[in-house]
>>> print(open('input.txt').read())   # compact mmCIF, C-alpha atoms
# COMPACT_ATOMS: atom_id res chain seq x y z
CA MET A 830 152.84 126.99 147.48
CA SER A 831 151.18 129.47 145.15
CA LYS A 832 149.62 132.70 146.32
CA LEU A 833 146.12 131.36 145.63
CA THR A 834 146.81 128.25 147.70
CA GLN A 835 148.23 130.36 150.51
CA LEU A 836 145.17 132.61 150.40
CA LEU A 837 142.79 129.64 150.53
CA ALA A 838 144.81 127.93 153.26
CA SER A 839 144.59 131.06 155.40
CA LYS A 840 140.78 130.80 155.29
CA ILE A 841 140.72 127.30 156.80
CA VAL A 842 139.40 127.05 160.35
CA LEU A 843 142.11 125.33 162.41
CA GLN A 844 141.43 122.75 165.07
CA ARG A 845 143.15 119.58 166.24
CA ASP A 846 141.50 116.31 165.23
CA LEU A 847 140.31 113.68 167.67
CA ALA A 848 143.15 111.26 166.93
CA PRO A 849 145.11 109.80 169.86
CA LYS A 850 148.73 110.81 170.31
CA SER A 851 150.48 107.86 168.71
CA GLU A 852 152.93 107.19 165.91
CA SER A 853 150.35 105.58 163.63
CA ALA A 854 147.67 108.27 164.04
CA HIS A 855 149.16 110.57 161.40
CA GLY A 856 151.35 110.32 158.33
CA ALA A 857 151.85 107.64 155.65
CA ARG A 858 148.15 107.18 154.96
CA ALA A 859 148.65 104.88 151.96
CA ALA A 860 150.88 102.55 153.96
CA ARG A 861 148.47 102.65 156.88
CA MET A 862 145.58 101.77 154.57
CA ARG A 863 147.44 98.68 153.34
CA GLU A 864 148.06 97.66 156.96
CA VAL A 865 144.37 97.99 157.77
CA LEU A 866 143.38 95.90 154.76
CA GLY A 867 145.99 93.25 155.46
CA GLY A 868 145.34 92.94 159.18
CA ASN A 869 141.55 93.28 159.27
CA THR A 870 140.27 91.52 156.17
CA ALA A 871 137.55 89.57 157.97
CA LYS A 872 136.42 92.66 159.90
CA MET A 873 136.33 94.71 156.72
CA PHE A 874 134.09 92.06 155.17
CA THR A 875 131.80 92.21 158.23
CA LEU A 876 131.77 96.01 158.11
CA ASN A 877 130.74 95.83 154.45
CA ILE A 878 127.79 93.61 155.39
CA PHE A 879 126.67 96.15 158.02
CA THR A 880 126.84 98.94 155.45
CA VAL A 881 125.03 96.92 152.78
CA LEU A 882 122.15 96.30 155.19
CA PHE A 883 121.36 100.02 155.12
CA ALA A 884 121.74 100.16 151.33
CA LEU A 885 119.63 97.01 150.86
CA PRO A 886 116.24 98.78 150.42
CA MET A 887 117.51 100.78 147.46
CA ILE A 888 119.35 97.77 146.01
CA CYS A 889 116.28 95.53 146.25
CA VAL A 890 113.98 98.09 144.65
CA LEU A 891 116.22 99.07 141.74
CA ILE A 892 117.97 95.77 140.99
CA ILE A 893 115.31 93.17 141.86
CA TRP A 894 111.86 94.72 141.92
CA LEU A 895 112.23 97.08 138.93
CA PRO A 896 113.10 94.36 136.35
CA ILE A 897 110.16 92.27 137.56
CA GLU A 898 107.77 95.20 137.12
CA GLU A 899 109.19 95.96 133.68
CA SER A 900 108.46 92.39 132.59
CA ASN A 901 104.91 92.61 133.94
CA ALA A 902 104.32 95.94 132.19
CA VAL A 903 104.98 94.53 128.71
CA ALA A 904 103.71 90.98 129.26
CA ASN A 905 100.26 91.63 127.73
CA LEU A 906 101.40 93.90 124.90
CA ASN A 907 101.41 92.70 121.30
CA PHE A 908 104.77 93.19 119.51
CA SER A 909 103.62 91.93 116.10
CA ALA A 910 105.75 94.32 114.06
CA ASN A 911 102.75 95.04 111.77
CA LEU A 912 102.31 91.38 110.87
CA GLY A 913 98.81 89.99 110.37
CA ILE A 914 97.40 93.07 108.71
CA GLY A 915 93.72 92.53 108.10
CA TYR A 916 93.42 90.19 111.06
CA GLY A 917 93.22 92.93 113.73
CA ALA A 918 96.84 92.70 114.96
CA VAL A 919 98.25 95.96 116.45
CA ASP A 920 101.92 96.78 116.94
CA GLN A 921 102.35 98.04 120.51
CA THR A 922 106.15 98.39 120.53
CA LEU A 923 106.14 102.12 121.27
CA GLU A 924 103.69 101.64 124.10
CA GLY A 925 105.96 98.97 125.60
CA ILE A 926 109.04 101.24 125.34
CA ALA A 927 107.14 104.11 126.94
CA ALA A 928 105.86 101.81 129.73
CA ILE A 929 109.40 100.61 130.55
CA TYR A 930 110.88 104.12 130.69
CA ASN A 931 107.95 105.44 132.70
CA LEU A 932 108.42 102.66 135.24
CA ARG A 933 112.13 103.47 135.56
CA GLN A 934 111.39 107.12 136.12
CA LEU A 935 108.76 106.28 138.72
CA PHE A 936 111.10 103.98 140.62
CA ILE A 937 113.90 106.55 140.55
CA LEU A 938 111.60 109.27 141.86
CA CYS A 939 110.38 107.08 144.69
CA THR A 940 113.60 105.29 145.58
CA LEU A 941 116.83 107.27 145.22
CA THR A 942 116.30 110.04 147.77
CA PRO A 943 114.85 107.79 150.55
CA GLY A 944 117.46 105.16 149.71
CA PHE A 945 120.32 107.65 150.10
CA MET A 946 118.86 108.86 153.39
CA ILE A 947 118.74 105.33 154.83
CA MET A 948 122.19 104.49 153.47
CA SER A 949 123.70 107.59 155.11
CA ILE A 950 123.00 106.13 158.55
CA GLY A 951 125.05 103.03 157.81
CA ILE A 952 127.84 105.09 156.22
CA SER A 953 128.11 107.26 159.34
CA GLY A 954 128.81 104.16 161.43
CA ALA A 955 131.24 102.72 158.88
CA MET A 956 133.21 105.99 158.64
CA HIS A 957 133.56 106.07 162.42
CA VAL A 958 134.96 102.52 162.43
CA LEU A 959 137.36 103.18 159.54
CA ARG A 960 138.58 106.38 161.19
CA ASN A 961 139.59 104.35 164.24
CA TYR A 962 141.28 101.71 162.10
CA MET A 963 143.34 104.38 160.35
CA TRP A 964 144.31 105.93 163.70
CA GLY A 965 145.41 102.59 165.11
CA VAL A 966 142.67 102.44 167.73
CA ASP A 967 141.54 99.08 169.10
CA VAL A 968 138.13 98.60 167.45
CA LYS A 969 135.14 96.66 168.75
CA LEU A 970 133.34 96.44 165.44
CA LEU A 971 129.68 96.30 166.41
CA ARG A 972 130.08 98.70 169.35
CA HIS A 973 131.99 101.31 167.35
CA PHE A 974 129.62 100.96 164.40
CA GLY A 975 126.64 101.73 166.64
CA ARG A 976 128.54 104.51 168.37
CA GLY A 977 129.35 106.09 165.02
CA ILE A 978 125.67 106.07 164.05
CA ALA A 979 124.68 107.64 167.36
CA LYS A 980 127.33 110.38 167.13
CA HIS A 981 127.31 111.26 163.41
CA TRP A 982 123.99 110.31 161.78
CA TYR A 983 122.64 113.88 161.96
CA LYS A 984 125.72 115.15 160.08
CA PHE A 985 125.33 112.65 157.22
CA LEU A 986 121.56 112.60 156.80
CA PRO A 987 121.01 116.17 155.45
CA VAL A 988 123.99 115.94 153.11
CA PHE A 989 122.95 112.58 151.67
CA THR A 990 119.41 113.88 151.28
CA VAL A 991 120.78 116.59 149.00
CA GLY A 992 122.82 113.93 147.22
CA GLY A 993 119.71 111.82 146.75
CA LEU A 994 117.84 114.74 145.18
CA LEU A 995 120.76 115.43 142.80
CA ALA A 996 120.95 111.74 141.87
CA THR A 997 117.18 111.66 141.30
CA SER A 998 117.41 114.67 139.00
CA ALA A 999 120.30 113.16 137.04
CA GLY A 1000 118.66 109.73 136.69
CA TYR A 1001 115.24 111.05 135.78
CA SER A 1002 116.61 113.46 133.15
CA LEU A 1003 118.82 110.77 131.59
CA ILE A 1004 115.90 108.35 131.26
CA GLU A 1005 113.78 111.14 129.81
CA VAL A 1006 116.41 111.80 127.13
CA LEU A 1007 116.60 108.07 126.32
CA LYS A 1008 112.80 107.84 126.17
CA GLN A 1009 112.50 110.83 123.84
CA ASN A 1010 115.17 109.38 121.55
CA ALA A 1011 113.47 105.97 121.49
CA LEU A 1012 109.98 107.30 120.85
CA TYR A 1013 110.56 110.36 118.69
CA GLY A 1014 114.10 110.01 117.38
CA ALA A 1015 115.51 112.99 119.31
CA ALA A 1016 115.07 114.82 122.58
CA GLY A 1017 114.68 118.54 123.05
CA ALA A 1018 117.66 120.76 123.89
CA GLY A 1019 116.24 121.50 127.32
CA TYR A 1020 116.44 117.82 128.31
CA TYR A 1021 120.11 117.67 127.34
CA VAL A 1022 120.92 120.82 129.31
CA TRP A 1023 119.05 119.45 132.31
CA THR A 1024 120.91 116.14 132.10
CA VAL A 1025 124.35 117.69 131.66
CA PHE A 1026 123.98 120.10 134.58
CA SER A 1027 122.50 117.39 136.80
CA PHE A 1028 125.48 115.13 136.24
CA ILE A 1029 127.94 118.00 136.73
CA PHE A 1030 126.34 118.80 140.08
CA CYS A 1031 126.43 115.12 141.04
CA PHE A 1032 130.10 114.97 140.13
CA PHE A 1033 130.99 118.00 142.25
CA PHE A 1034 128.89 116.65 145.08
CA ALA A 1035 130.92 113.43 145.02
CA MET A 1036 134.10 115.53 145.25
CA PHE A 1037 132.60 117.37 148.19
CA LEU A 1038 131.88 114.07 149.97
CA PHE A 1039 135.54 113.09 149.70
CA MET A 1040 136.33 115.99 152.04
CA TYR A 1041 133.14 116.05 154.09
CA MET A 1042 132.84 112.46 155.26
CA PRO A 1043 136.35 112.01 156.74
CA MET A 1044 136.30 115.49 158.31
CA CYS A 1045 132.87 114.86 159.83
CA VAL A 1046 134.07 111.98 162.00
CA ALA A 1047 137.59 113.28 162.70
CA TYR A 1048 136.83 116.81 163.98
CA ARG A 1049 134.34 118.68 166.12
CA PHE A 1050 133.80 121.64 163.86
CA LYS A 1051 130.64 123.69 163.92
CA ALA A 1052 128.44 123.19 160.87
CA LYS A 1053 129.46 126.45 159.17
CA ASP A 1054 133.16 125.83 159.85
CA LEU A 1055 132.87 122.27 158.56
CA LEU A 1056 131.26 123.36 155.29
CA LYS A 1057 133.72 126.23 154.91
CA ASN A 1058 136.69 123.90 155.34
CA CYS A 1059 135.26 121.34 152.92
CA PHE A 1060 134.78 123.89 150.15
CA THR A 1061 138.13 125.60 150.77
CA MET A 1062 140.15 122.39 150.94
CA GLY A 1063 138.25 121.00 147.96
CA LEU A 1064 139.47 123.93 145.88
CA ILE A 1065 143.06 123.44 147.03
CA VAL A 1066 143.18 119.71 146.19
CA PHE A 1067 140.75 119.99 143.28
CA VAL A 1068 142.86 118.14 140.69
CA THR A 1069 143.73 115.20 142.96
CA THR A 1070 140.13 114.79 144.08
CA LEU A 1071 138.92 115.00 140.50
CA LEU A 1072 141.19 112.16 139.38
CA LEU A 1073 140.22 110.00 142.34
CA VAL A 1074 136.49 110.52 141.74
CA ILE A 1075 136.91 109.61 138.05
CA LEU A 1076 138.86 106.47 138.97
CA LEU A 1077 136.46 105.23 141.63
CA GLY A 1078 133.34 106.31 139.74
CA GLY A 1079 134.46 104.60 136.55
CA ILE A 1080 134.51 101.13 138.12
CA PRO A 1081 130.70 100.83 138.60
CA LEU A 1082 130.15 102.13 135.05
CA ILE A 1083 131.87 99.01 133.71
CA ALA A 1084 128.69 97.17 134.71
CA ILE A 1085 126.96 98.39 131.53
CA ALA A 1086 129.35 96.33 129.37
CA ASN A 1087 127.36 93.08 129.62
CA ASP A 1088 125.43 91.01 132.12
CA ILE A 1089 128.43 88.98 133.33
CA VAL A 1090 130.48 92.09 134.14
CA MET A 1091 127.44 93.67 135.78
CA TYR A 1092 126.98 90.74 138.15
CA LEU A 1093 130.71 90.71 138.96
CA ILE A 1094 130.53 94.38 139.90
CA TYR A 1095 127.44 93.74 142.01
CA GLY A 1096 129.21 90.90 143.80
CA PHE A 1097 132.29 93.03 144.43
CA PHE A 1098 130.28 95.75 146.12
CA LEU A 1099 128.14 93.34 148.11
CA LEU A 1100 131.20 91.50 149.45
CA PHE A 1101 133.87 94.15 149.86
CA GLY A 1102 133.32 97.23 147.74
CA PHE A 1103 131.51 99.60 150.10
CA SER A 1104 134.03 99.26 152.93
CA LEU A 1105 136.96 99.48 150.48
CA TYR A 1106 135.63 102.65 148.88
CA LEU A 1107 134.98 104.25 152.27
CA LEU A 1108 138.47 103.25 153.46
CA ILE A 1109 140.05 104.95 150.43
CA ILE A 1110 137.99 108.07 151.07
CA THR A 1111 138.98 108.03 154.75
CA ALA A 1112 142.68 107.72 153.94
CA TYR A 1113 142.52 110.48 151.34
CA GLY A 1114 140.54 112.81 153.60
CA GLN A 1115 142.97 112.32 156.49
CA TYR A 1116 145.89 112.94 154.13
CA ALA A 1117 144.37 116.25 153.00
CA CYS A 1118 143.53 117.32 156.55
CA GLU A 1119 147.00 116.51 157.85
CA ASN A 1120 148.62 118.59 155.13
CA LEU A 1121 146.24 121.54 155.31
CA ILE A 1122 145.02 121.69 158.92
CA GLU A 1123 147.46 119.80 161.13
CA ALA A 1124 150.50 121.21 159.33
CA GLN A 1125 149.31 124.78 159.83
CA LEU A 1126 148.64 124.09 163.49
CA ASP A 1127 152.16 122.66 163.89
CA VAL A 1128 153.67 125.78 162.32
CA LYS A 1129 151.48 128.02 164.48
CA GLU A 1130 152.43 126.19 167.67
CA GLU A 1131 156.09 126.30 166.71
CA MET A 1132 155.91 130.06 166.16
CA GLU A 1133 154.10 130.53 169.46
CA ALA A 1134 156.75 128.44 171.22
CA LYS A 1135 159.53 130.56 169.69
CA LYS A 1136 157.72 133.73 170.70
CA ALA A 1137 157.26 132.44 174.24
CA GLU A 1138 160.97 131.53 174.39
CA GLN A 1139 161.95 135.00 173.21
CA GLU A 1140 159.69 136.58 175.81
CA ARG A 1141 161.20 134.36 178.50
CA LYS A 1142 164.74 135.32 177.53
CA ALA A 1143 163.78 138.99 177.48
CA ALA A 1144 162.26 138.62 180.95
CA VAL A 1145 165.46 136.95 182.22
CA ARG A 1146 167.58 139.78 180.85
CA GLN A 1147 165.26 142.33 182.39
CA GLN A 1148 165.38 140.51 185.71
CA ALA A 1149 169.19 140.47 185.60
CA LYS A 1150 169.21 144.27 185.23
CA GLN A 1151 166.48 144.85 187.78
CA PRO A 1152 168.49 144.59 191.13
CA LYS A 1153 170.94 147.37 190.16
CA SER A 1154 168.19 149.73 189.16
CA GLN A 1155 166.25 148.92 192.29
CA LYS A 1156 169.34 149.51 194.45
CA GLY A 1157 170.06 152.85 192.86
CA SER A 1158 166.49 153.99 193.16
CA ALA A 1159 166.36 152.87 196.80
CA VAL A 1160 169.50 154.79 197.68
CA ALA A 1161 168.23 157.87 195.90
CA SER A 1162 164.88 157.71 197.65
CA TYR A 1163 166.59 157.13 201.01
CA LYS A 1164 168.82 160.19 200.58
CA LYS A 1165 165.85 162.25 199.50
CA SER A 1166 163.76 161.18 202.51
CA ARG A 1167 166.64 161.88 204.94
CA LYS A 1168 167.14 165.30 203.46
CA ALA A 1169 163.45 166.12 203.78
CA LYS A 1170 163.40 164.83 207.39
CA ASN A 1171 166.39 166.92 208.38
CA ALA A 1172 164.83 169.99 206.82
CA ALA A 1173 161.60 169.41 208.75
CA VAL A 1174 163.44 168.95 212.04
CA LYS A 1175 165.40 172.09 211.43
CA GLU A 1176 162.21 174.00 210.60
CA VAL A 1177 160.54 172.80 213.80
CA ARG A 1178 163.62 173.62 215.80
CA ASP A 1179 163.83 177.07 214.31
CA TYR A 1180 160.17 177.67 215.10
CA SER A 1181 160.20 176.30 218.66
CA GLU A 1182 163.49 177.88 219.69
CA PRO A 1183 163.94 181.19 217.91
CA SER A 1184 167.50 182.38 217.77
CA THR A 1185 168.50 185.41 219.86
CA PRO A 1186 170.48 188.32 218.47
CA SER A 1187 174.24 188.16 218.99
CA PHE A 1188 174.45 191.52 220.78
CA VAL A 1189 172.20 190.38 223.71
CA THR A 1190 173.89 189.01 226.78
CA GLU A 1191 173.09 185.63 228.22
CA GLU A 1192 171.14 187.01 231.22
CA GLU A 1193 169.00 189.20 228.96
CA ALA A 1194 168.40 186.28 226.59
CA GLU A 1195 167.17 184.11 229.47
CA ARG A 1196 164.83 186.89 230.67
CA MET A 1197 163.45 187.30 227.11
CA LYS A 1198 162.77 183.54 226.78
CA ALA A 1199 161.07 183.48 230.16
CA ALA A 1200 158.87 186.42 229.18
CA LYS A 1201 158.01 184.71 225.89
CA ARG A 1202 157.01 181.56 227.73
CA GLU A 1203 154.82 183.57 230.11
CA GLU A 1204 153.04 185.15 227.13
CA ASN A 1205 152.32 181.77 225.53
CA LYS A 1206 151.19 180.18 228.79
CA PRO A 1207 147.43 179.46 228.65
CA VAL A 1208 145.20 181.30 231.11
CA TYR A 1209 142.11 179.67 232.62
CA LYS A 1210 139.58 182.07 234.11
CA GLY A 1211 136.80 179.54 234.58
CA GLY A 1212 133.29 179.47 233.33
CA PRO A 1213 131.80 178.16 230.12
CA TYR A 1214 131.91 181.51 228.41
CA ASN A 1215 135.66 181.93 228.08
CA LYS A 1216 135.77 181.27 224.41
CA GLY A 1217 138.82 182.14 222.43
CA LYS A 1218 141.17 181.60 225.38
CA LYS A 1219 143.87 179.00 225.35
CA LYS A 1220 143.39 176.04 227.68
CA ARG A 1221 145.70 173.34 228.72
>>> encode(input="input.txt", output="structure tokens")
Amino acid sequence: MSKLTQLLASKIVLQRDLAPKSESAHGARAARMREVLGGNTAKMFTLNIFTVLFALPMICVLIIWLPIEESNAVANLNFSANLGIGYGAVDQTLEGIAAIYNLRQLFILCTLTPGFMIMSIGISGAMHVLRNYMWGVDVKLLRHFGRGIAKHWYKFLPVFTVGGLLATSAGYSLIEVLKQNALYGAAGAGYYVWTVFSFIFCFFFAMFLFMYMPMCVAYRFKAKDLLKNCFTMGLIVFVTTLLLVILLGGIPLIAIANDIVMYLIYGFFLLFGFSLYLLIITAYGQYACENLIEAQLDVKEEMEAKKAEQERKAAVRQQAKQPKSQKGSAVASYKKSRKAKNAAVKEVRDYSEPSTPSFVTEEEAERMKAAKREENKPVYKGGPYNKGKKKR
């Protein structure tokens, strides 16, 4: 792992995914994807129908309604190619070309962004279902599809709105370039710059979705942490994501070859294509997350376990040494307390019974002690005013 990759990986916010603890929840994503396709073909077809229902408004407007309106726009125009000069015939070819391109731009402006917003709701439910398939969870298709919409629609809607605006910009600018070339022979440099940058942004946005959509349904990150992880991981796996986007994005572009290929591509997406594309994105996103998030968490937990084991062993060693030190300290404190107690007793004894000189006889010593006791004996003279006198 290069230093740049290590630096980027250290910036990733770590958190366990929502996968159940099972053998099929992680690892071998390509093999797991083949198992899902082989064992749930009919359900994948049904899931594709559910997803297409949310993409149907955009499909109907751009594929069905737009060609009809284009035909109506040029139905009354006269394409005489300058024939019948002197009889009032007028060549309206340029007007027809301009009318067609203007209609396409109008439909793109009015359709792409709302269409992406509606489609995001269906994709949120489909991604939730495919996540469960890849984790080996028992799926109730309709229930989990609705649950996915309820839990994740607000995460997909803003992002797909931005995607719709980028797609609108790219489509509108491309048609403008084609219109300028058809009408005037060449388009201005500004239109080309606009078109190029719009498609570049769309391309990078598609790469971003490859990280965002699987992570959205697999984790409970905060919005800022989710976006941070998507951008950081996208940079780490940039080359792989780039190749995958080119491969998957190139298939729909084959539709421009001729009408037969176009209808085959349309049929593929209507029958199976949406769910297949989303399954590939789910498998790839889980693969990236397992290698960049789950792997780091495993290493972190392993290091914490080793640290805890070392601390436990150190505590055991300390506990083994502790009784001896406690015993020694107890003995020392006991000796010290006994010594202090003996000294106090001796001091009290010396004070209460003062020693007599050795040259005094026993009878004289007894008389001296008796006199001392008589001096210390309290005297009570009565009355409340005998202050300062000793009382018993």
>>> residues_near_point(input="input.txt", point="(146.6, 107.0, 168.0)", cutoff="12 Å", atoms="only C-alpha atoms", output="ChimeraX atom specification")
/A:846-856,960-968
>>> residues_around(input="input.txt", residues="Leu1093 (chain A)", least_positions_apart="4", cutoff="12 Å", atoms="all atoms listed in the file", output="number ranges by chain")
A: 1080-1081, 1083-1089, 1097-1102
>>> write_last_selection(input="input.txt", atoms="C-alpha atoms", output="mmCIF file, in the coordinates of the input")
data_model
loop_
_atom_site.group_PDB
_atom_site.id
_atom_site.type_symbol
_atom_site.label_atom_id
_atom_site.label_comp_id
_atom_site.auth_asym_id
_atom_site.auth_seq_id
_atom_site.Cartn_x
_atom_site.Cartn_y
_atom_site.Cartn_z
ATOM 1 C CA ILE A 1080 134.510 101.130 138.120
ATOM 2 C CA PRO A 1081 130.700 100.830 138.600
ATOM 3 C CA ILE A 1083 131.870 99.010 133.710
ATOM 4 C CA ALA A 1084 128.690 97.170 134.710
ATOM 5 C CA ILE A 1085 126.960 98.390 131.530
ATOM 6 C CA ALA A 1086 129.350 96.330 129.370
ATOM 7 C CA ASN A 1087 127.360 93.080 129.620
ATOM 8 C CA ASP A 1088 125.430 91.010 132.120
ATOM 9 C CA ILE A 1089 128.430 88.980 133.330
ATOM 10 C CA PHE A 1097 132.290 93.030 144.430
ATOM 11 C CA PHE A 1098 130.280 95.750 146.120
ATOM 12 C CA LEU A 1099 128.140 93.340 148.110
ATOM 13 C CA LEU A 1100 131.200 91.500 149.450
ATOM 14 C CA PHE A 1101 133.870 94.150 149.860
ATOM 15 C CA GLY A 1102 133.320 97.230 147.740
#
>>> atom_distance(input="input.txt", atom1="CA of Leu895 (chain A)", atom2="CA of Ile1004 (chain A)")
14.1 Å
>>> axis_aligned_box(input="input.txt", around="region 984-991 of chain A", padding_each_side="5 Å", output="JSON")
{"center_x": 122.6, "center_y": 114.6, "center_z": 154.5, "size_x": 16.3, "size_y": 14.0, "size_z": 21.1}
>>> closest_residue(input="input.txt", among="A:Gln1009, A:Cys939, A:Gln835, A:Lys984", to="Arg1049 (chain A)", atoms="all atoms listed in the file")
A:Lys984
>>> atom_distance(input="input.txt", atom1="CA of Phe883 (chain A)", atom2="CA of Leu986 (chain A)")
12.7 Å
>>> closest_residue(input="input.txt", among="A:Asn901, A:Gln1147, A:Gln934, A:Asn1120", to="Met1062 (chain A)", atoms="all atoms listed in the file")
A:Asn1120
>>> residues_around(input="input.txt", residues="Leu970 (chain A)", least_positions_apart="5", cutoff="9 Å", atoms="only C-alpha atoms", output="list of chain:residue names")
A:Lys872, A:Thr875, A:Leu876, A:Val958, A:Gly975
>>> atom_distance(input="input.txt", atom1="CA of Pro1043 (chain A)", atom2="CA of Tyr1106 (chain A)")
12.2 Å
>>> closest_residue(input="input.txt", among="A:Ala1011, A:Ala996, A:Ile950, A:Ala1047", to="Tyr983 (chain A)", atoms="only C-alpha atoms")
A:Ile950
>>> residues_around(input="input.txt", residues="Met873 (chain A)", least_positions_apart="5", cutoff="8 Å", atoms="only C-alpha atoms", output="ChimeraX atom specification")
/A:866,1101,1104-1105
>>> closest_residue(input="input.txt", among="A:Met1036, A:Lys1051, A:Phe1030, A:Leu923", to="Asn1010 (chain A)", atoms="all atoms listed in the file")
A:Leu923
